[in-house]
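File shown: my_file07.csv (CSV, C-alpha atoms and all ligand atoms).
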chain,number,residue,atom,x,y,z
A,2,MET,CA,21.9,13.8,18.2
A,3,LEU,CA,18.6,14.9,16.7
A,4,PRO,CA,19.3,16.8,13.5
A,5,THR,CA,17.5,20.0,12.8
A,6,GLY,CA,15.4,18.1,10.2
A,7,ALA,CA,13.6,16.4,13.0
A,8,ALA,CA,11.3,19.3,13.4
A,9,PRO,CA,7.8,18.6,12.3
A,10,GLY,CA,7.6,18.0,8.6
A,11,GLY,CA,11.3,17.7,8.3
A,12,ARG,CA,13.1,15.3,6.0
A,13,ARG,CA,15.7,12.9,7.2
A,14,GLY,CA,18.0,10.5,5.4
A,15,ARG,CA,17.6,6.8,6.2
A,16,GLY,CA,21.1,6.5,7.5
A,17,THR,CA,20.7,9.2,10.2
A,18,ALA,CA,20.2,8.1,13.7
A,19,VAL,CA,17.0,9.5,15.2
A,20,ARG,CA,16.7,10.5,18.8
A,21,LEU,CA,13.1,11.1,19.5
A,22,ARG,CA,13.4,10.0,23.0
A,23,ARG,CA,12.3,12.6,25.5
A,24,GLY,CA,15.1,14.2,27.3
A,25,VAL,CA,17.7,14.7,24.6
A,26,PRO,CA,17.2,18.2,23.3
A,27,PRO,CA,16.5,18.5,19.6
A,28,GLY,CA,19.7,19.7,18.0
A,29,GLY,CA,21.6,18.9,21.2
A,30,ASP,CA,25.2,18.0,20.5
A,31,GLY,CA,25.5,15.1,22.9
A,32,GLY,CA,28.0,17.0,24.9
A,33,VAL,CA,27.7,18.8,28.2
A,34,PRO,CA,24.1,19.7,29.0
A,35,ARG,CA,23.4,23.2,28.1
A,36,GLY,CA,23.2,25.6,31.0
A,37,ARG,CA,20.7,28.1,29.6
A,38,PRO,CA,17.3,27.5,31.0
A,39,LEU,CA,14.6,26.8,28.6
A,40,ALA,CA,12.3,29.6,29.5
A,41,GLY,CA,11.3,33.1,28.7
A,42,GLY,CA,10.7,35.1,25.5
A,43,GLY,CA,14.4,35.0,24.7
A,44,ALA,CA,14.4,31.3,23.8
A,45,THR,CA,15.4,30.2,20.3
A,46,ALA,CA,12.9,28.4,18.0
A,47,ARG,CA,14.7,25.1,18.8
A,48,GLU,CA,14.4,25.7,22.5
A,49,ARG,CA,10.7,26.6,22.3
A,50,TRP,CA,10.2,23.4,20.4
A,51,ALA,CA,12.0,21.5,23.1
A,52,GLN,CA,10.0,23.3,25.8
A,53,ALA,CA,6.8,22.1,24.1
A,54,LEU,CA,8.1,18.6,23.8
A,55,TYR,CA,9.3,18.3,27.3
A,56,ALA,CA,6.6,20.4,29.0
A,57,PRO,CA,4.7,18.7,31.8
A,58,PRO,CA,1.2,17.5,31.1
A,59,ARG,CA,-1.2,20.5,30.9
A,60,ARG,CA,-4.2,18.3,31.4
A,61,PRO,CA,-5.0,15.7,33.9
A,62,LYS,CA,-5.3,12.1,32.8
A,63,ALA,CA,-8.0,11.9,30.1
A,64,ASP,CA,-11.5,12.1,31.3
A,65,PRO,CA,-13.4,9.2,29.9
A,66,GLY,CA,-15.8,11.7,28.3
A,67,PRO,CA,-18.1,10.6,25.5
A,68,THR,CA,-17.2,7.3,24.0
A,69,THR,CA,-16.3,7.5,20.3
A,70,TRP,CA,-15.0,4.0,19.9
A,71,ALA,CA,-17.5,1.2,19.9
A,72,GLY,CA,-15.0,-1.7,20.5
A,73,ARG,CA,-13.8,-3.1,23.7
A,74,SER,CA,-10.3,-3.1,25.0
A,75,ALA,CA,-8.6,-6.4,25.3
A,76,HIS,CA,-8.5,-5.7,29.0
A,77,ASP,CA,-11.7,-6.5,30.8
A,78,GLY,CA,-12.5,-2.8,31.3
A,79,PRO,CA,-15.3,-0.7,29.9
A,80,VAL,CA,-15.7,0.5,26.3
A,81,THR,CA,-12.8,2.8,25.6
A,82,LYS,CA,-12.0,5.5,23.1
A,83,PRO,CA,-9.2,5.6,20.6
A,84,VAL,CA,-5.9,7.1,21.8
A,85,VAL,CA,-4.6,6.9,18.3
A,86,GLU,CA,-6.7,7.0,15.2
A,87,THR,CA,-5.7,7.4,11.6
A,88,ALA,CA,-7.5,7.5,8.3
A,89,ASP,CA,-5.8,7.0,5.0
A,90,LEU,CA,-2.5,8.1,6.5
A,91,THR,CA,0.0,8.1,3.7
A,92,LYS,CA,3.6,9.1,3.2
A,93,ARG,CA,5.3,9.2,-0.1
A,94,TYR,CA,9.0,9.8,-0.7
A,95,SER,CA,9.4,10.8,-4.4
A,96,ARG,CA,8.0,7.7,-6.1
A,97,ARG,CA,8.2,5.4,-3.1
A,98,THR,CA,5.1,5.0,-1.0
A,99,ALA,CA,6.4,4.3,2.5
A,100,VAL,CA,3.0,4.3,4.2
A,101,ASP,CA,-0.1,3.7,2.2
A,102,ALA,CA,-3.6,4.8,3.4
A,103,VAL,CA,-3.2,3.3,6.9
A,104,GLY,CA,-6.3,3.4,9.1
A,105,MET,CA,-5.4,2.2,12.6
A,106,ARG,CA,-7.1,2.5,16.0
A,107,ILE,CA,-5.4,2.1,19.3
A,108,ARG,CA,-7.6,1.9,22.3
A,109,GLU,CA,-7.0,3.4,25.6
A,110,GLY,CA,-5.2,1.2,28.0
A,111,GLU,CA,-4.1,-1.5,25.5
A,112,ILE,CA,-0.7,-2.7,24.4
A,113,TYR,CA,-0.9,-2.4,20.7
A,114,GLY,CA,1.7,-4.3,18.6
A,115,PHE,CA,2.6,-2.7,15.3
A,116,LEU,CA,4.1,-5.6,13.5
A,117,GLY,CA,5.8,-5.7,10.1
A,118,PRO,CA,8.9,-6.8,8.3
A,119,ASN,CA,11.9,-4.5,7.8
A,120,GLY,CA,11.0,-1.6,5.6
A,121,ALA,CA,7.2,-2.1,6.0
A,122,GLY,CA,6.6,1.5,7.1
A,123,LYS,CA,6.5,1.2,10.9
A,124,THR,CA,8.9,3.9,11.8
A,125,THR,CA,7.6,6.3,9.2
A,126,THR,CA,4.1,5.8,10.7
A,127,LEU,CA,5.4,6.4,14.2
A,128,ARG,CA,7.1,9.6,13.0
A,129,MET,CA,3.9,10.9,11.5
A,130,LEU,CA,2.0,10.1,14.7
A,131,LEU,CA,4.7,12.1,16.7
A,132,GLY,CA,4.5,15.0,14.3
A,133,LEU,CA,8.0,14.6,13.1
A,134,VAL,CA,7.1,13.8,9.5
A,135,ARG,CA,4.3,15.5,7.6
A,136,PRO,CA,1.9,13.1,6.0
A,137,SER,CA,1.5,13.3,2.2
A,138,ALA,CA,-2.2,12.5,2.7
A,139,GLY,CA,-4.7,11.4,5.3
A,140,THR,CA,-5.2,12.3,8.9
A,141,ALA,CA,-4.1,11.2,12.4
A,142,ARG,CA,-5.3,12.0,15.9
A,143,VAL,CA,-3.2,11.3,18.9
A,144,LEU,CA,-4.8,11.7,22.3
A,145,GLY,CA,-7.5,13.7,20.6
A,146,ALA,CA,-5.3,16.2,18.9
A,147,ALA,CA,-3.2,16.6,15.8
A,148,PRO,CA,0.2,14.9,15.8
A,149,GLY,CA,2.9,17.2,17.1
A,150,ASP,CA,0.5,19.3,19.2
A,151,PRO,CA,2.7,20.6,22.1
A,152,GLY,CA,0.2,19.7,24.8
A,153,THR,CA,-0.1,16.2,23.4
A,154,LEU,CA,3.6,15.6,23.1
A,155,ALA,CA,3.9,16.3,26.8
A,156,ARG,CA,1.6,13.4,27.4
A,157,VAL,CA,3.5,11.0,25.2
A,158,GLY,CA,6.7,9.1,26.1
A,159,MET,CA,8.8,7.8,23.3
A,160,LEU,CA,11.8,5.5,22.6
A,161,VAL,CA,12.3,5.5,18.9
A,162,GLU,CA,15.3,4.0,17.1
A,163,GLY,CA,17.3,3.4,20.3
A,164,PRO,CA,18.3,5.6,23.2
A,165,ALA,CA,21.3,8.0,23.4
A,166,PHE,CA,22.9,9.2,26.6
A,167,TYR,CA,25.8,11.2,27.9
A,168,PRO,CA,28.2,8.3,28.3
A,169,TYR,CA,30.3,9.9,31.0
A,170,LEU,CA,27.3,10.6,33.2
A,171,SER,CA,25.7,8.0,35.4
A,172,GLY,CA,22.2,6.6,34.6
A,173,ARG,CA,20.8,8.8,37.4
A,174,ASP,CA,22.5,11.9,36.2
A,175,ASN,CA,21.4,11.3,32.7
A,176,LEU,CA,17.8,11.1,34.0
A,177,ARG,CA,18.4,14.4,36.0
A,178,VAL,CA,19.3,16.1,32.7
A,179,PHE,CA,16.3,14.7,31.0
A,180,ALA,CA,14.0,15.5,33.9
A,181,ARG,CA,15.1,19.1,33.7
A,182,TYR,CA,14.1,19.3,30.0
A,183,ALA,CA,10.9,17.3,30.8
A,184,ARG,CA,10.2,19.5,33.8
A,185,ALA,CA,9.5,16.3,35.6
A,186,PRO,CA,9.9,16.4,39.4
A,187,ALA,CA,13.2,15.0,40.7
A,188,SER,CA,11.3,12.5,42.8
A,189,ARG,CA,10.3,10.7,39.5
A,190,ILE,CA,13.9,9.7,38.9
A,191,ASP,CA,14.1,7.1,41.6
A,192,GLU,CA,10.6,5.9,40.7
A,193,VAL,CA,11.4,5.3,37.1
A,194,LEU,CA,14.8,3.7,38.0
A,195,LYS,CA,12.9,1.3,40.1
A,196,THR,CA,10.3,0.7,37.4
A,197,VAL,CA,13.0,-0.4,34.9
A,198,ASP,CA,15.0,-2.3,37.6
A,199,LEU,CA,18.1,-0.1,37.4
A,200,SER,CA,18.2,1.3,41.0
A,201,ASP,CA,21.2,-0.8,41.8
A,202,ARG,CA,23.2,0.4,38.9
A,203,ALA,CA,21.9,4.0,38.8
A,204,ASP,CA,25.2,5.5,39.8
A,205,ASP,CA,27.4,3.7,37.2
A,206,ARG,CA,28.4,5.6,34.1
A,207,ALA,CA,26.0,5.0,31.2
A,208,ALA,CA,29.0,4.0,29.1
A,209,ARG,CA,29.3,0.8,31.2
A,210,TYR,CA,25.7,-0.2,30.8
A,211,SER,CA,24.9,-3.3,28.7
A,212,LEU,CA,22.6,-2.8,25.7
A,213,GLY,CA,19.7,-4.1,27.7
A,214,MET,CA,20.4,-1.6,30.5
A,215,LYS,CA,20.7,1.2,28.0
A,216,GLN,CA,17.3,0.3,26.5
A,217,ARG,CA,15.8,0.2,30.0
A,218,LEU,CA,17.3,3.6,30.8
A,219,GLY,CA,15.7,4.9,27.6
A,220,VAL,CA,12.4,3.6,28.8
A,221,ALA,CA,13.0,5.2,32.1
A,222,ALA,CA,13.6,8.6,30.4
A,223,ALA,CA,10.4,8.1,28.4
A,224,LEU,CA,8.5,7.5,31.6
A,225,LEU,CA,9.7,10.6,33.5
A,226,ASN,CA,6.5,12.5,32.7
A,227,ASP,CA,4.3,9.6,33.5
A,228,PRO,CA,3.0,9.6,29.9
A,229,GLU,CA,-0.5,8.4,28.9
A,230,LEU,CA,0.8,7.0,25.7
A,231,LEU,CA,4.2,5.3,25.5
A,232,VAL,CA,5.6,4.7,22.0
A,233,LEU,CA,8.4,2.1,21.8
A,234,ASP,CA,10.1,1.4,18.4
A,235,GLU,CA,11.8,-2.0,18.3
A,236,PRO,CA,12.8,-1.9,22.0
A,237,THR,CA,14.2,-5.4,21.9
A,238,ASN,CA,16.5,-4.9,18.9
A,239,GLY,CA,19.9,-6.4,19.5
A,240,LEU,CA,19.1,-7.7,22.9
A,241,ASP,CA,20.1,-11.3,24.0
A,242,PRO,CA,17.3,-13.7,25.1
A,243,ALA,CA,17.6,-12.7,28.7
A,244,GLY,CA,17.5,-8.9,27.9
A,245,THR,CA,14.6,-9.5,25.5
A,246,ALA,CA,12.6,-11.4,28.2
A,247,ASP,CA,13.3,-8.5,30.7
A,248,MET,CA,12.1,-5.9,28.2
A,249,ARG,CA,9.0,-7.9,27.5
A,250,ASP,CA,8.2,-8.2,31.2
A,251,LEU,CA,8.8,-4.5,31.6
A,252,ILE,CA,6.4,-3.6,28.7
A,253,ARG,CA,3.8,-5.9,30.1
A,254,ASP,CA,4.1,-4.1,33.5
A,255,LEU,CA,4.0,-0.7,31.9
A,256,GLY,CA,0.8,-1.6,30.0
A,257,ALA,CA,-0.9,-3.0,33.1
A,258,GLY,CA,-1.7,0.2,34.9
A,259,GLY,CA,-4.0,1.7,32.3
A,260,ARG,CA,-1.3,3.3,30.2
A,261,THR,CA,-1.5,2.8,26.4
A,262,VAL,CA,1.6,1.3,24.8
A,263,LEU,CA,2.3,1.3,21.1
A,264,LEU,CA,5.0,-1.3,20.5
A,265,SER,CA,6.5,-1.4,17.0
A,266,SER,CA,8.4,-4.6,16.2
A,267,HIS,CA,9.3,-7.0,13.5
A,268,LEU,CA,9.6,-9.8,16.1
A,269,LEU,CA,6.6,-12.0,16.3
A,270,GLY,CA,7.5,-13.3,19.8
A,271,ASP,CA,7.4,-9.8,21.2
A,272,VAL,CA,4.0,-9.1,19.9
A,273,GLN,CA,2.5,-12.5,20.5
A,274,GLN,CA,3.6,-12.6,24.1
A,275,VAL,CA,3.0,-9.0,25.1
A,276,CYS,CA,0.3,-7.3,23.1
A,277,ASP,CA,-3.5,-7.1,23.5
A,278,ARG,CA,-4.1,-6.2,19.8
A,279,VAL,CA,-2.0,-6.1,16.7
A,280,GLY,CA,-1.8,-4.2,13.5
A,281,VAL,CA,0.1,-5.9,10.8
A,282,ILE,CA,1.8,-3.7,8.2
A,283,ALA,CA,3.4,-4.9,5.0
A,284,ARG,CA,4.7,-2.7,2.1
A,285,GLY,CA,3.1,0.3,3.7
A,286,ARG,CA,-0.4,-1.2,4.1
A,287,LEU,CA,-2.2,-2.2,7.2
A,288,VAL,CA,-3.2,-5.6,6.2
A,289,ARG,CA,-4.9,-6.7,9.4
A,290,GLU,CA,-5.9,-5.4,12.8
A,291,GLY,CA,-7.2,-7.5,15.7
A,292,THR,CA,-6.3,-9.5,18.8
A,293,VAL,CA,-3.6,-12.1,18.5
A,294,ARG,CA,-6.3,-14.8,18.7
A,295,GLU,CA,-8.3,-13.2,15.9
A,296,LEU,CA,-5.2,-12.9,13.7
A,297,ARG,CA,-4.3,-16.6,14.3
A,298,GLY,CA,-7.9,-17.5,13.3
A,299,GLY,CA,-8.5,-20.4,15.6
A,300,GLY,CA,-7.1,-23.9,15.4
A,301,SER,CA,-7.7,-27.2,13.6
A,302,LEU,CA,-7.7,-30.9,14.2
A,303,ARG,CA,-4.5,-32.1,12.7
A,304,VAL,CA,-4.2,-35.7,11.5
A,305,VAL,CA,-1.2,-37.6,10.2
A,306,ALA,CA,-1.9,-40.9,8.6
A,307,ALA,CA,0.0,-43.4,6.5
A,308,GLU,CA,-2.8,-43.6,3.9
A,309,SER,CA,-3.5,-39.9,3.7
A,310,GLU,CA,-5.8,-40.1,0.7
A,311,ASP,CA,-7.9,-42.7,2.5
A,312,ALA,CA,-7.9,-40.6,5.6
A,313,ARG,CA,-9.0,-37.6,3.6
A,314,ALA,CA,-11.9,-39.5,2.1
A,315,VAL,CA,-13.0,-40.5,5.6
A,316,ALA,CA,-12.7,-37.0,7.0
A,317,GLU,CA,-14.6,-35.5,4.0
A,318,ARG,CA,-17.4,-38.1,4.4
A,319,LEU,CA,-17.8,-37.1,8.0
A,320,TYR,CA,-17.4,-33.3,7.8
A,321,GLY,CA,-17.6,-32.3,4.2
A,322,PRO,CA,-14.8,-31.4,1.8
A,323,ASP,CA,-14.8,-27.7,2.8
A,324,ARG,CA,-13.6,-28.5,6.2
A,325,VAL,CA,-10.6,-30.5,5.2
A,326,SER,CA,-7.3,-29.2,3.9
A,327,ALA,CA,-3.8,-30.6,3.6
A,328,ARG,CA,-0.6,-28.8,4.4
A,329,GLU,CA,2.9,-29.8,5.5
A,330,GLY,CA,2.2,-33.5,5.4
A,331,ALA,CA,-0.9,-33.4,7.5
A,332,LEU,CA,-4.7,-33.1,7.2
A,333,HIS,CA,-6.2,-30.1,8.9
A,334,LEU,CA,-9.9,-30.3,9.8
A,335,ALA,CA,-11.9,-27.3,10.7
A,336,VAL,CA,-13.9,-29.1,13.4
A,337,ASP,CA,-14.1,-29.1,17.2
A,338,ALA,CA,-11.3,-30.7,19.2
A,339,ALA,CA,-13.9,-33.1,20.7
A,340,GLU,CA,-14.2,-34.8,17.3
A,341,ALA,CA,-10.8,-36.5,17.8
A,342,PRO,CA,-12.1,-39.8,19.4
A,343,ARG,CA,-14.9,-40.3,16.8
A,344,LEU,CA,-12.5,-39.5,13.9
A,345,SER,CA,-9.9,-41.9,15.3
A,346,ARG,CA,-12.5,-44.7,15.4
A,347,GLU,CA,-13.6,-44.1,11.9
A,348,LEU,CA,-10.1,-44.1,10.5
A,349,VAL,CA,-9.2,-47.3,12.3
A,350,ARG,CA,-12.4,-48.9,10.9
A,351,ALA,CA,-11.3,-47.8,7.4
A,352,ASP,CA,-8.0,-49.5,7.9
A,353,VAL,CA,-6.0,-46.3,8.0
A,354,ASP,CA,-2.8,-46.3,10.1
A,355,LEU,CA,-3.1,-43.3,12.3
A,356,HIS,CA,0.3,-41.8,13.3
A,357,ALA,CA,-0.9,-38.7,15.1
A,358,ILE,CA,-4.1,-36.8,15.9
A,359,GLY,CA,-4.3,-33.6,17.9
A,360,TRP,CA,-5.4,-30.1,18.2
A,361,HIS,CA,-3.2,-27.6,16.3
A,362,GLU,CA,-3.2,-23.8,17.2
A,363,ARG,CA,-1.9,-21.7,14.4
A,364,SER,CA,1.0,-19.6,15.4
A,365,LEU,CA,1.0,-15.9,14.7
A,366,GLU,CA,4.1,-16.6,12.6
A,367,GLU,CA,2.0,-18.8,10.2
A,368,THR,CA,-0.6,-16.1,9.7
A,369,PHE,CA,2.0,-13.3,9.6
A,370,PHE,CA,3.7,-14.9,6.7
A,371,GLU,CA,0.5,-15.5,4.9
A,372,MET,CA,-0.6,-11.9,5.4
A,373,THR,CA,2.7,-10.3,4.5
A,374,ALA,CA,3.1,-12.6,1.5
A,375,SER,CA,-0.3,-11.6,0.1
A,376,ALA,CA,0.6,-7.9,0.5
A,377,ASP,CA,3.9,-8.6,-1.3
A,378,GLY,CA,1.9,-10.0,-4.2
A,379,ALA,CA,-0.5,-7.0,-4.3
A,380,GLU,CA,-0.2,-4.3,-6.9
A,381,ARG,CA,1.1,-1.0,-5.5
B,1,LIG,N1,13.5,9.8,4.5
B,1,LIG,C1,13.2,8.8,3.7
B,1,LIG,N2,13.5,9.0,2.3
B,1,LIG,C2,13.2,8.0,1.4
B,1,LIG,N3,12.7,6.8,1.7
B,1,LIG,C3,12.4,6.6,3.0
B,1,LIG,C4,12.7,7.6,4.1
B,1,LIG,N4,12.3,7.0,5.3
B,1,LIG,C5,11.9,5.8,5.0
B,1,LIG,N5,12.0,5.5,3.7
B,1,LIG,C6,11.5,4.3,3.0
B,1,LIG,O1,10.2,4.0,3.5
B,1,LIG,C7,10.0,2.6,3.6
B,1,LIG,C8,9.6,2.3,5.0
B,1,LIG,O2,10.6,2.6,5.9
B,1,LIG,P1,10.4,2.5,7.5
B,1,LIG,O3,11.7,2.9,8.2
B,1,LIG,O4,9.2,3.2,7.9
B,1,LIG,O5,10.2,0.9,7.7
B,1,LIG,P2,10.2,0.1,9.0
B,1,LIG,O6,9.1,-0.8,9.0
B,1,LIG,O7,10.4,0.9,10.2
B,1,LIG,O8,11.5,-0.8,8.8
B,1,LIG,P3,12.6,-1.3,9.9
B,1,LIG,O9,12.0,-2.4,10.7
B,1,LIG,O10,13.7,-1.9,9.0
B,1,LIG,O11,13.1,-0.2,10.7
B,1,LIG,C9,11.4,1.9,3.3
B,1,LIG,O12,11.4,1.5,2.0
B,1,LIG,C10,12.4,3.1,3.5
B,1,LIG,O13,13.5,2.9,2.7
So, in terms of structure tokens, how does the structure I just supplied come out?
Ligand SMILES: Nc1ncnc2c1ncn2[C@@H]1O[C@H](COP(=O)(O)OP(=O)(O)OP(=O)(O)O)[C@@H](O)[C@H]1O
Amino acid sequence: MLPTGAAPGGRRGRGTAVRLRRGVPPGGDGGVPRGRPLAGGGATARERWAQALYAPPRRPKADPGPTTWAGRSAHDGPVTKPVVETADLTKRYSRRTAVDAVGMRIREGEIYGFLGPNGAGKTTTLRMLLGLVRPSAGTARVLGAAPGDPGTLARVGMLVEGPAFYPYLSGRDNLRVFARYARAPASRIDEVLKTVDLSDRADDRAARYSLGMKQRLGVAAALLNDPELLVLDEPTNGLDPAGTADMRDLIRDLGAGGRTVLLSSHLLGDVQQVCDRVGVIARGRLVREGTVRELRGGGSLRVVAAESEDARAVAERLYGPDRVSAREGALHLAVDAAEAPRLSRELVRADVDLHAIGWHERSLEETFFEMTASADGAER
């Protein structure tokens, strides 16, 4: 379970499993739930920390208040304020810089994809946002407060580095234990079981759950307090295609009701299909932030011809050399899709054998590799 080092500012070895998920008490031993109530002046420091983490929201859902963020959410709603905002957020471990001057903004009500390859600094960033690791430099605000603020933690649900449960208890009984720590009403248990589609299997022992069901039970635990911000770290890790699709649907649903979701993933499909906006991190640096469409950077008219040099000459004559590039055996023209008929006619007139012509949308994968490759080449 969560080692003592998980307290704010604590240090943790890479090999140690982290249980940041709400409901598992910090320092808990994974055994029988402790009987001593978490209340009163006699509580230990660890228990007080758990109380803060699992306390019910002290404030109602955020009042829109003065708008501090000028952008618009990817949803069609009004201008929204940042739920998470960092400036120059940095974490160094000895000589290694795990997170390097990250400035990210997550807007209220959006599903934000935090995308990066293994070791890019995603989990370290999340830990800083949750107040579990002290930054070496820079600042972060989460729901308007400093990371780790007890009132804020009560408004955040988290599933970081995989869920952990009491295996001999049923899914429902696990949630009862977590609800007690979270001080969430018992009525929430059935609600969250329904949300994650586990009502039918709620009375089975957690040990019998598939990986996908365990992940969904972890999400259910994170939802007990109806959090305003839900942080999910690699929730589809290890899931088969069906489990991955279920989890994506669930995340989409969770983000639909105005809740803000921060989804960390190295899987492009997760992010492309689910997220409103994306921040791409590589070697600790946030290399881009924008909507999936913005990151993909539009499309091009793709032309495959037998005489590609002749085809290129025709295209350059029509549109200028700056709009024509060649990659992967095709010409790509930065022109409108409606140019296809005119270009085809001109190519035929120039005796070029045209094999294919059509509109090509860049995938997030293409731009992701370009962005992360350029970060790899950068000086650190
Ligand atoms: N406690 C630590 N001590 C030393 N180095 C660390 C520690 N935690 C993380 N790192 C290093 O910081 C870098 C970023 O790690 P981090 O776990 O944040 O990446 P990640 O993007 O979450 O990767 P993954 O997708 O593999 O989980 C890595 O080089 C990692 O080895």
Original post:
Can you tell me, as a ChimeraX atom specification, what residues are no more than 9 Å from Val262 of chain A when counting only C-alpha atoms, ignoring any on the same chain fewer than 5 positions away?
Top reply: /A:107,109-114,229-233,252,255-256,276
Original post:
Just how far from atom CA of Leu268 of chain A is atom CA of Pro136 of chain A, in Å to one decimal?
Top reply: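 Atom-to-atom, atom CA of Pro136 of chain A and atom CA of Leu268 of chain A are spaced 26.2 Å apart.
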**OP:** Report as a ChimeraX atom specification which protein, DNA and RNA residues come within 7 Å of ligand LIG 1 (chain B), using all atoms listed in the file.
**Re:** /A:12-15,94,97-100,117-126,266-267,285
For the residues in that selection, give me C-alpha atoms as a PDB file, in the frame of the given file.
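What follows is the written file out06.pdb:
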ATOM      1  CA  ARG A  12      13.100  15.300   6.000  1.00  0.00           C
ATOM      2  CA  ARG A  13      15.700  12.900   7.200  1.00  0.00           C
ATOM      3  CA  GLY A  14      18.000  10.500   5.400  1.00  0.00           C
ATOM      4  CA  ARG A  15      17.600   6.800   6.200  1.00  0.00           C
ATOM      5  CA  TYR A  94       9.000   9.800  -0.700  1.00  0.00           C
ATOM      6  CA  ARG A  97       8.200   5.400  -3.100  1.00  0.00           C
ATOM      7  CA  THR A  98       5.100   5.000  -1.000  1.00  0.00           C
ATOM      8  CA  ALA A  99       6.400   4.300   2.500  1.00  0.00           C
ATOM      9  CA  VAL A 100       3.000   4.300   4.200  1.00  0.00           C
ATOM     10  CA  GLY A 117       5.800  -5.700  10.100  1.00  0.00           C
ATOM     11  CA  PRO A 118       8.900  -6.800   8.300  1.00  0.00           C
ATOM     12  CA  ASN A 119      11.900  -4.500   7.800  1.00  0.00           C
ATOM     13  CA  GLY A 120      11.000  -1.600   5.600  1.00  0.00           C
ATOM     14  CA  ALA A 121       7.200  -2.100   6.000  1.00  0.00           C
ATOM     15  CA  GLY A 122       6.600   1.500   7.100  1.00  0.00           C
ATOM     16  CA  LYS A 123       6.500   1.200  10.900  1.00  0.00           C
ATOM     17  CA  THR A 124       8.900   3.900  11.800  1.00  0.00           C
ATOM     18  CA  THR A 125       7.600   6.300   9.200  1.00  0.00           C
ATOM     19  CA  THR A 126       4.100   5.800  10.700  1.00  0.00           C
ATOM     20  CA  SER A 266       8.400  -4.600  16.200  1.00  0.00           C
ATOM     21  CA  HIS A 267       9.300  -7.000  13.500  1.00  0.00           C
ATOM     22  CA  GLY A 285       3.100   0.300   3.700  1.00  0.00           C
TER      23      GLY A 285
END
**OP:** Tell me, in Å to one decimal, how far atom CA of Arg294 of chain A is from atom CA of Val272 of chain A.
**Re:**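 Between these atoms lies a distance of 11.8 Å.
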Subject >> Contacts of Leu344 of chain A at 9 Å (all atoms listed in the file; same-chain gap of 5+ positions) as a VMD selection string >> reply: chain A and resid 315 to 316 319 349
**OP:** Determine, counting all atoms listed in the file, which protein, DNA and RNA residues have an atom within 10 Å of an atom of Asp198 of chain A; residues of the same chain fewer than 2 positions away are not included. Present the result as a PyMOL selection string.
**Re:** chain A and resi 192-196+200-203+214+217-218+221+247+251
Subject >> Pick from A:Gly330, A:Gly145, A:Leu269, A:Ala183, whichever lies nearest to Leu130 of chain A using only C-alpha atoms >> reply: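 Checking each of A:Gly330, A:Gly145, A:Leu269, A:Ala183 against Leu130 of chain A, counting only C-alpha atoms, the winner is A:Gly145.
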Within 9 Å of segment 164-179 of chain A, which residues of segment 192-268 of chain A show up? Give each one with its shortest atom-to-atom distance in Å (one decimal) and the two atoms involved, counting all atoms listed in the file, rows by chain then rising residue number, as CSV.
residue,atom,partner,partner_atom,distance
A:Leu194,CA,A:Arg173,CA,7.9
A:Leu199,CA,A:Gly172,CA,8.3
A:Ser200,CA,A:Arg173,CA,8.7
A:Arg202,CA,A:Gly172,CA,7.6
A:Ala203,CA,A:Gly172,CA,4.9
A:Asp204,CA,A:Ser171,CA,5.1
A:Asp205,CA,A:Ser171,CA,5.0
A:Arg206,CA,A:Ser171,CA,3.8
A:Ala207,CA,A:Pro168,CA,4.9
A:Ala208,CA,A:Pro168,CA,4.4
A:Arg209,CA,A:Pro168,CA,8.1
A:Tyr210,CA,A:Gly172,CA,8.5
A:Lys215,CA,A:Pro164,CA,6.9
A:Gln216,CA,A:Pro164,CA,6.3
A:Leu218,CA,A:Gly172,CA,6.9
A:Gly219,CA,A:Pro164,CA,5.2
A:Val220,CA,A:Pro164,CA,8.4
A:Ala221,CA,A:Leu176,CA,7.8
A:Ala222,CA,A:Leu176,CA,6.1
A:Leu225,CA,A:Leu176,CA,8.1
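Atom pair atom CA of Asp254 of chain A / atom CA of Arg189 of chain A has a distance of 17.1 Å (rounded to one decimal).
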